[in-house]
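Scroll down for the structure; my scribbles are underneath it.
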Amino acid sequence: MTAVVAALLGSAYVLGRSLVPDQTQRHATGVTTEGDGPHYADQTPEEPPTGAPTGTPTGTPTGIATAGQSAGPTEAGQDGSGQSASGDKLFGAHTETGNARLALTFDDGPDPRYTPQVLAILREYDVKATFCVVGENAQDHPDLIQAIVADGHTLCNHSWHHDVSLGNKSADQIRADLVRTNEAIRSAVPDAPIVWYRQPGGAWTYPVVSVSQQLGMTPLHWSVDPSDWQAPGASKIAATVLAQAEPGAVVLMHDAGGDRQGTVDALRRILPQLSARYELEALPTDPT
Ligand SMILES: [Zn+2]
């Protein structure tokens with residue numbers, strides 16, 4: 001499996017990087033030791049921003065390359081490494097809003113520690129956003145799914161268990177995962193549209209794109225990635241987002257999956273400027 005995945009990705013880059021430092025660092029910070037809620041272990045190597053123009057997708061996605069060799073029991077991983085994916089690795093997944101508006105997206109939740117904080121800040125600035133939720137978390141926290149929708153935000157399917165290698169499974173397995181996730185969401189908010197799908201790790205494959213579209217969802221990637229899942233601190237997260245924001249940008253952040261206080265604090269810092277510079281939108285529920 002690993003060999004196949006690596007080959008899919010163009011393995012020279014992937015295999016040349018080690019995950020060990022990231023995992024060591026995150027364990028050292030205690031991120032994975034908190035008791036409640038799932039933590040999607042960092043199994044995706046960071047894509048260094050060097051050489052990549054801000055907001056311009058280039059390079060190689062690395063998200064799925066590590067799933068087969070990771071130590072984690074869940075095959076879960078964080079998003080972010082796919083930020084610099086070249087167009088031919090995205091299989092047509094959207095990286096921008098398609099208009100001048102900027103979209104904030106929050107992945108991996110909902111999480112009872114951070115999602116309510118994110119919602120409160122968004123409410124304070126009257127900003128609508130999009131939440132890419134994980135099925136098992138939706139099942140565990142239907143109240144938070146309801147709170148997201150009640151505040152006017154839109155939803156995105158982010159798979160049942162944040163399986164970064166989902167795209168390498170059979171179409172039937174992919175379909176079952178995405179359907180299960182949508183069913184968990186709909187059990188909380190029966191009437192809420194779920195028209196976006198974001199592949200964990202940005203590890204797109206043709207089958208996962210195809211199945212998501214068959215299920216009426218549009219594949220959603222991103223154009224701005226502050227790597228907040230690595231908990232670089234609020235200042236760094238805020239600086240990256242503000243530096244790379246541009247009309248049409250889709251900003252990737254996380255309200256779950258580990259210690260996300262830095263993201264919450266960054267959000268509070270960036271919203272005054274972002275909302276002054278751009279019109280912010282929840283990704284529409286009637287994408288074309
Ligand atoms: Zn994710």
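We label chains A, B, ... in the order they appear in the structure tokens, count residues from 1 in each chain, and number ligands from 1 in the order shown.
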
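Proximal residues of ligand 1 are Tyr40, Ala76, Gly77, Gln78, Asp79, Gly80, Phe106, Asp107, Asp108, Gly109, Cys132, Val133, Val134, His158, Ser159, His162, Asp163, Val164, Arg198, Gln199, Pro200, Gly201, Gly202, Trp229, Met253, His254, Ala256 and Gly257 of chain A, by a cut-off of 9 Å on only C-alpha atoms and all ligand atoms.
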
Next, write the just-selected residues to a file, as a CSV table (one decimal), in the first residue's frame, keeping N, CA, C and O atoms as the atom set.
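Wrote out_0.csv, looks like this:
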```csv
chain,number,residue,atom,x,y,z
A,40,TYR,N,-6.4,13.6,15.7
A,40,TYR,CA,-5.9,13.1,14.4
A,40,TYR,C,-4.4,13.3,14.4
A,40,TYR,O,-3.9,14.4,14.1
A,76,ALA,N,-5.6,8.2,10.6
A,76,ALA,CA,-6.0,9.6,10.5
A,76,ALA,C,-4.8,10.5,10.2
A,76,ALA,O,-3.7,10.1,10.5
A,77,GLY,N,-5.0,11.6,9.8
A,77,GLY,CA,-4.0,12.6,9.6
A,77,GLY,C,-4.5,14.0,9.5
A,77,GLY,O,-5.7,14.2,9.4
A,78,GLN,N,-3.6,14.9,9.5
A,78,GLN,CA,-4.1,16.3,9.4
A,78,GLN,C,-4.1,16.8,8.0
A,78,GLN,O,-3.4,16.3,7.2
A,79,ASP,N,-4.9,17.8,7.8
A,79,ASP,CA,-4.8,18.4,6.5
A,79,ASP,C,-3.7,19.4,6.5
A,79,ASP,O,-3.1,19.7,7.5
A,80,GLY,N,-3.4,19.9,5.4
A,80,GLY,CA,-2.4,21.0,5.3
A,80,GLY,C,-1.3,20.6,4.4
A,80,GLY,O,-0.8,21.5,3.7
A,106,PHE,N,-13.1,25.5,8.4
A,106,PHE,CA,-12.6,24.9,9.7
A,106,PHE,C,-12.8,23.4,9.6
A,106,PHE,O,-13.9,22.9,9.5
A,107,ASP,N,-11.7,22.7,9.8
A,107,ASP,CA,-11.7,21.3,9.6
A,107,ASP,C,-11.7,20.5,10.9
A,107,ASP,O,-11.1,20.9,11.9
A,108,ASP,N,-12.1,19.2,10.8
A,108,ASP,CA,-11.9,18.1,11.7
A,108,ASP,C,-12.8,18.1,12.9
A,108,ASP,O,-12.8,17.2,13.7
A,109,GLY,N,-13.7,19.1,13.1
A,109,GLY,CA,-14.6,19.1,14.2
A,109,GLY,C,-15.8,18.3,13.9
A,109,GLY,O,-15.9,17.5,13.0
A,132,CYS,N,-15.8,21.8,7.8
A,132,CYS,CA,-15.6,20.5,7.2
A,132,CYS,C,-15.5,19.5,8.4
A,132,CYS,O,-14.5,19.4,9.1
A,133,VAL,N,-16.6,18.8,8.6
A,133,VAL,CA,-16.8,18.1,9.9
A,133,VAL,C,-16.5,16.6,9.6
A,133,VAL,O,-16.8,16.0,8.5
A,134,VAL,N,-16.0,16.0,10.6
A,134,VAL,CA,-15.7,14.5,10.6
A,134,VAL,C,-16.9,13.8,11.2
A,134,VAL,O,-17.5,14.1,12.2
A,158,HIS,N,-16.1,15.7,5.7
A,158,HIS,CA,-14.6,15.6,5.8
A,158,HIS,C,-14.3,14.1,6.2
A,158,HIS,O,-13.3,13.8,6.8
A,159,SER,N,-15.1,13.2,5.8
A,159,SER,CA,-15.0,11.7,5.9
A,159,SER,C,-15.4,11.3,7.4
A,159,SER,O,-15.5,12.1,8.3
A,162,HIS,N,-11.5,10.7,9.2
A,162,HIS,CA,-10.3,11.4,8.8
A,162,HIS,C,-9.3,10.5,8.2
A,162,HIS,O,-8.1,10.6,8.6
A,163,ASP,N,-9.7,9.7,7.4
A,163,ASP,CA,-8.8,8.7,6.8
A,163,ASP,C,-8.1,9.3,5.6
A,163,ASP,O,-8.7,9.5,4.5
A,164,VAL,N,-6.8,9.6,5.7
A,164,VAL,CA,-6.1,10.3,4.7
A,164,VAL,C,-5.9,9.3,3.5
A,164,VAL,O,-5.5,9.8,2.4
A,198,ARG,N,-14.3,17.6,1.5
A,198,ARG,CA,-12.9,17.8,1.6
A,198,ARG,C,-12.2,16.5,2.0
A,198,ARG,O,-12.5,16.0,3.1
A,199,GLN,N,-11.3,16.1,1.2
A,199,GLN,CA,-10.5,14.8,1.5
A,199,GLN,C,-9.5,15.1,2.6
A,199,GLN,O,-8.7,16.1,2.5
A,200,PRO,N,-9.5,14.3,3.6
A,200,PRO,CA,-8.5,14.5,4.7
A,200,PRO,C,-7.1,14.5,4.1
A,200,PRO,O,-6.7,13.7,3.2
A,201,GLY,N,-6.3,15.4,4.6
A,201,GLY,CA,-4.9,15.5,4.1
A,201,GLY,C,-4.8,16.1,2.7
A,201,GLY,O,-3.7,16.2,2.2
A,202,GLY,N,-5.9,16.5,2.1
A,202,GLY,CA,-5.8,16.9,0.8
A,202,GLY,C,-5.4,15.9,-0.2
A,202,GLY,O,-4.9,16.2,-1.3
A,229,TRP,N,-2.6,23.2,12.2
A,229,TRP,CA,-2.7,21.9,12.9
A,229,TRP,C,-1.3,21.6,13.6
A,229,TRP,O,-1.3,20.7,14.5
A,253,MET,N,-8.3,26.1,8.1
A,253,MET,CA,-7.9,26.2,9.5
A,253,MET,C,-8.6,25.0,10.2
A,253,MET,O,-9.4,24.3,9.6
A,254,HIS,N,-8.3,24.8,11.5
A,254,HIS,CA,-8.8,23.6,12.2
A,254,HIS,C,-9.4,24.0,13.5
A,254,HIS,O,-8.8,24.7,14.3
A,256,ALA,N,-10.5,21.5,15.5
A,256,ALA,CA,-10.4,20.2,16.2
A,256,ALA,C,-9.2,19.4,15.8
A,256,ALA,O,-8.4,19.9,14.9
A,257,GLY,N,-9.0,18.3,16.4
A,257,GLY,CA,-7.9,17.4,16.1
A,257,GLY,C,-6.7,17.6,16.9
A,257,GLY,O,-5.6,17.0,16.7
```

Next item on the list: Identify, on the basis of only C-alpha atoms, every residue whose closest approach to Tyr206 in chain A does not exceed 9 Å; exclude the query and any residue fewer than 5 positions from it along the same chain; express the result as number ranges by chain.
Entry: A: 90-91, 167, 211

Item checked: Residue with smallest distance to Asp111 in chain A - pool A:Ser235, A:Thr97, A:Thr205, A:Asn137, counting only C-alpha atoms -> A:Asn137

Next item on the list: Go through A:Val208, A:Pro142, A:Glu281, A:Asp191 and flag the residue nearest Ser170 in chain A, using only C-alpha atoms for the distances.
Entry: A:Val208

Next item on the list: Using backbone DSSP assignments, extract all alpha helix (DSSP H) residues from range 101-273 of chain A; output them as a VMD selection string.
Entry: chain A and resid 115 to 124 135 to 140 142 to 150 171 to 188 206 to 214 234 to 244 261 to 273

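We find CA of Ser212 in chain A and CA of Leu104 in chain A to be spaced 21.1 Å apart.
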
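Backbone DSSP of range 50-234 of chain A yields strand (DSSP E) at Ala103, Leu104, Thr105, Phe106, Asp107, Thr130, Phe131, Cys132, Val133, Thr154, Leu155, Cys156, Asn157, Ile194, Val195, Trp196, Tyr197, Thr218 and Pro219 of chain A.
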
Write the selection just made, keeping N, CA, C and O atoms, as a PDB file, in the first residue's frame?
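That gives us part.pdb:
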```
ATOM      1  N   ALA A 103     -13.206  32.719   1.706  1.00  0.00           N
ATOM      2  CA  ALA A 103     -13.920  31.754   2.540  1.00  0.00           C
ATOM      3  C   ALA A 103     -12.998  31.191   3.608  1.00  0.00           C
ATOM      4  O   ALA A 103     -11.892  30.723   3.318  1.00  0.00           O
ATOM      5  N   LEU A 104     -13.479  31.237   4.837  1.00  0.00           N
ATOM      6  CA  LEU A 104     -12.785  30.557   5.935  1.00  0.00           C
ATOM      7  C   LEU A 104     -13.383  29.169   6.092  1.00  0.00           C
ATOM      8  O   LEU A 104     -14.600  29.006   6.097  1.00  0.00           O
ATOM      9  N   THR A 105     -12.519  28.174   6.212  1.00  0.00           N
ATOM     10  CA  THR A 105     -12.992  26.812   6.425  1.00  0.00           C
ATOM     11  C   THR A 105     -12.318  26.238   7.665  1.00  0.00           C
ATOM     12  O   THR A 105     -11.133  26.468   7.904  1.00  0.00           O
ATOM     13  N   PHE A 106     -13.108  25.512   8.443  1.00  0.00           N
ATOM     14  CA  PHE A 106     -12.616  24.936   9.702  1.00  0.00           C
ATOM     15  C   PHE A 106     -12.811  23.424   9.644  1.00  0.00           C
ATOM     16  O   PHE A 106     -13.934  22.942   9.507  1.00  0.00           O
ATOM     17  N   ASP A 107     -11.727  22.701   9.807  1.00  0.00           N
ATOM     18  CA  ASP A 107     -11.733  21.258   9.599  1.00  0.00           C
ATOM     19  C   ASP A 107     -11.657  20.458  10.895  1.00  0.00           C
ATOM     20  O   ASP A 107     -11.146  20.929  11.916  1.00  0.00           O
ATOM     21  N   THR A 130     -17.369  27.971   6.679  1.00  0.00           N
ATOM     22  CA  THR A 130     -17.729  26.599   6.307  1.00  0.00           C
ATOM     23  C   THR A 130     -16.979  25.631   7.219  1.00  0.00           C
ATOM     24  O   THR A 130     -15.771  25.801   7.450  1.00  0.00           O
ATOM     25  N   PHE A 131     -17.697  24.655   7.732  1.00  0.00           N
ATOM     26  CA  PHE A 131     -17.114  23.678   8.650  1.00  0.00           C
ATOM     27  C   PHE A 131     -17.060  22.314   7.977  1.00  0.00           C
ATOM     28  O   PHE A 131     -18.090  21.757   7.616  1.00  0.00           O
ATOM     29  N   CYS A 132     -15.841  21.824   7.822  1.00  0.00           N
ATOM     30  CA  CYS A 132     -15.621  20.500   7.245  1.00  0.00           C
ATOM     31  C   CYS A 132     -15.544  19.507   8.396  1.00  0.00           C
ATOM     32  O   CYS A 132     -14.504  19.380   9.064  1.00  0.00           O
ATOM     33  N   VAL A 133     -16.639  18.838   8.641  1.00  0.00           N
ATOM     34  CA  VAL A 133     -16.763  18.057   9.865  1.00  0.00           C
ATOM     35  C   VAL A 133     -16.493  16.577   9.614  1.00  0.00           C
ATOM     36  O   VAL A 133     -16.752  16.038   8.543  1.00  0.00           O
ATOM     37  N   THR A 154     -22.013  26.940   6.686  1.00  0.00           N
ATOM     38  CA  THR A 154     -22.316  25.813   5.814  1.00  0.00           C
ATOM     39  C   THR A 154     -21.410  24.634   6.137  1.00  0.00           C
ATOM     40  O   THR A 154     -20.380  24.769   6.805  1.00  0.00           O
ATOM     41  N   LEU A 155     -21.826  23.478   5.668  1.00  0.00           N
ATOM     42  CA  LEU A 155     -21.189  22.224   6.057  1.00  0.00           C
ATOM     43  C   LEU A 155     -20.461  21.570   4.890  1.00  0.00           C
ATOM     44  O   LEU A 155     -20.833  21.717   3.735  1.00  0.00           O
ATOM     45  N   CYS A 156     -19.449  20.844   5.260  1.00  0.00           N
ATOM     46  CA  CYS A 156     -18.628  20.115   4.311  1.00  0.00           C
ATOM     47  C   CYS A 156     -18.319  18.763   4.944  1.00  0.00           C
ATOM     48  O   CYS A 156     -17.969  18.694   6.120  1.00  0.00           O
ATOM     49  N   ASN A 157     -18.491  17.724   4.184  1.00  0.00           N
ATOM     50  CA  ASN A 157     -18.167  16.363   4.624  1.00  0.00           C
ATOM     51  C   ASN A 157     -16.647  16.198   4.619  1.00  0.00           C
ATOM     52  O   ASN A 157     -15.980  16.511   3.639  1.00  0.00           O
ATOM     53  N   ILE A 194     -25.440  19.422   2.413  1.00  0.00           N
ATOM     54  CA  ILE A 194     -24.024  19.034   2.522  1.00  0.00           C
ATOM     55  C   ILE A 194     -23.529  18.872   1.089  1.00  0.00           C
ATOM     56  O   ILE A 194     -23.663  17.807   0.490  1.00  0.00           O
ATOM     57  N   VAL A 195     -22.993  19.923   0.563  1.00  0.00           N
ATOM     58  CA  VAL A 195     -22.669  19.913  -0.869  1.00  0.00           C
ATOM     59  C   VAL A 195     -21.169  20.025  -1.126  1.00  0.00           C
ATOM     60  O   VAL A 195     -20.761  20.143  -2.281  1.00  0.00           O
ATOM     61  N   TRP A 196     -20.364  19.994  -0.078  1.00  0.00           N
ATOM     62  CA  TRP A 196     -18.919  20.046  -0.245  1.00  0.00           C
ATOM     63  C   TRP A 196     -18.289  18.817   0.395  1.00  0.00           C
ATOM     64  O   TRP A 196     -18.771  18.320   1.418  1.00  0.00           O
ATOM     65  N   TYR A 197     -17.226  18.362  -0.198  1.00  0.00           N
ATOM     66  CA  TYR A 197     -16.439  17.286   0.401  1.00  0.00           C
ATOM     67  C   TYR A 197     -14.968  17.690   0.391  1.00  0.00           C
ATOM     68  O   TYR A 197     -14.436  18.128  -0.632  1.00  0.00           O
ATOM     69  N   THR A 218     -19.248  18.678  -3.988  1.00  0.00           N
ATOM     70  CA  THR A 218     -18.178  19.258  -4.797  1.00  0.00           C
ATOM     71  C   THR A 218     -16.865  19.176  -4.021  1.00  0.00           C
ATOM     72  O   THR A 218     -16.806  19.607  -2.869  1.00  0.00           O
ATOM     73  N   PRO A 219     -15.833  18.624  -4.620  1.00  0.00           N
ATOM     74  CA  PRO A 219     -14.543  18.522  -3.922  1.00  0.00           C
ATOM     75  C   PRO A 219     -13.958  19.893  -3.602  1.00  0.00           C
ATOM     76  O   PRO A 219     -13.871  20.749  -4.490  1.00  0.00           O
TER      77      PRO A 219
END
```

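The neighbours of Ala150 in chain A here are the residues that come within 10 Å of it, using only C-alpha atoms and leaving out any residue fewer than 6 positions away in the same chain; they are Leu144, Val189 and Ala192 of chain A.
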
Go ahead and write the selection's residues with N, CA and C atoms as a PDB file, in the first residue's frame.
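After the write, part.pdb holds the following:
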```pdb
ATOM      1  N   LEU A 144     -23.348  20.533  18.470  1.00  0.00           N
ATOM      2  CA  LEU A 144     -22.433  21.486  17.827  1.00  0.00           C
ATOM      3  C   LEU A 144     -22.712  21.594  16.330  1.00  0.00           C
ATOM      4  N   VAL A 189     -28.909  17.617  11.771  1.00  0.00           N
ATOM      5  CA  VAL A 189     -29.524  18.730  11.022  1.00  0.00           C
ATOM      6  C   VAL A 189     -30.119  18.161   9.731  1.00  0.00           C
ATOM      7  N   ALA A 192     -30.132  20.383   6.482  1.00  0.00           N
ATOM      8  CA  ALA A 192     -28.973  21.186   6.077  1.00  0.00           C
ATOM      9  C   ALA A 192     -28.295  20.567   4.851  1.00  0.00           C
TER      10      ALA A 192
END
```

Checklist line | Exercise: Pro112 in chain A partners within 8 Å, only C-alpha atoms, chain neighbours under 3 positions left out, as number ranges by chain | finding: A: 115-116, 141, 144

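Note that the spacing between CA of Arg269 in chain A and CA of Ala129 in chain A amounts to 16.2 Å.
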
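When only C-alpha atoms are used to measure the gap to Ile185 in chain A, the shortest distance among A:Trp160, A:Tyr114, A:Tyr125, A:Tyr278 belongs to A:Trp160.
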
Next item on the list: Find the residues around range 236-248 of chain A up to 12 Å (only C-alpha atoms counted), leave out those fewer than 5 positions away in its own chain, and share them as an MDAnalysis selection string.
Entry: chainID A and resid 49 52:57 94:104 222:231 253:254 260:283

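Straight-line separation from CA of Gln117 in chain A to CA of Gly233 in chain A: 16.6 Å.
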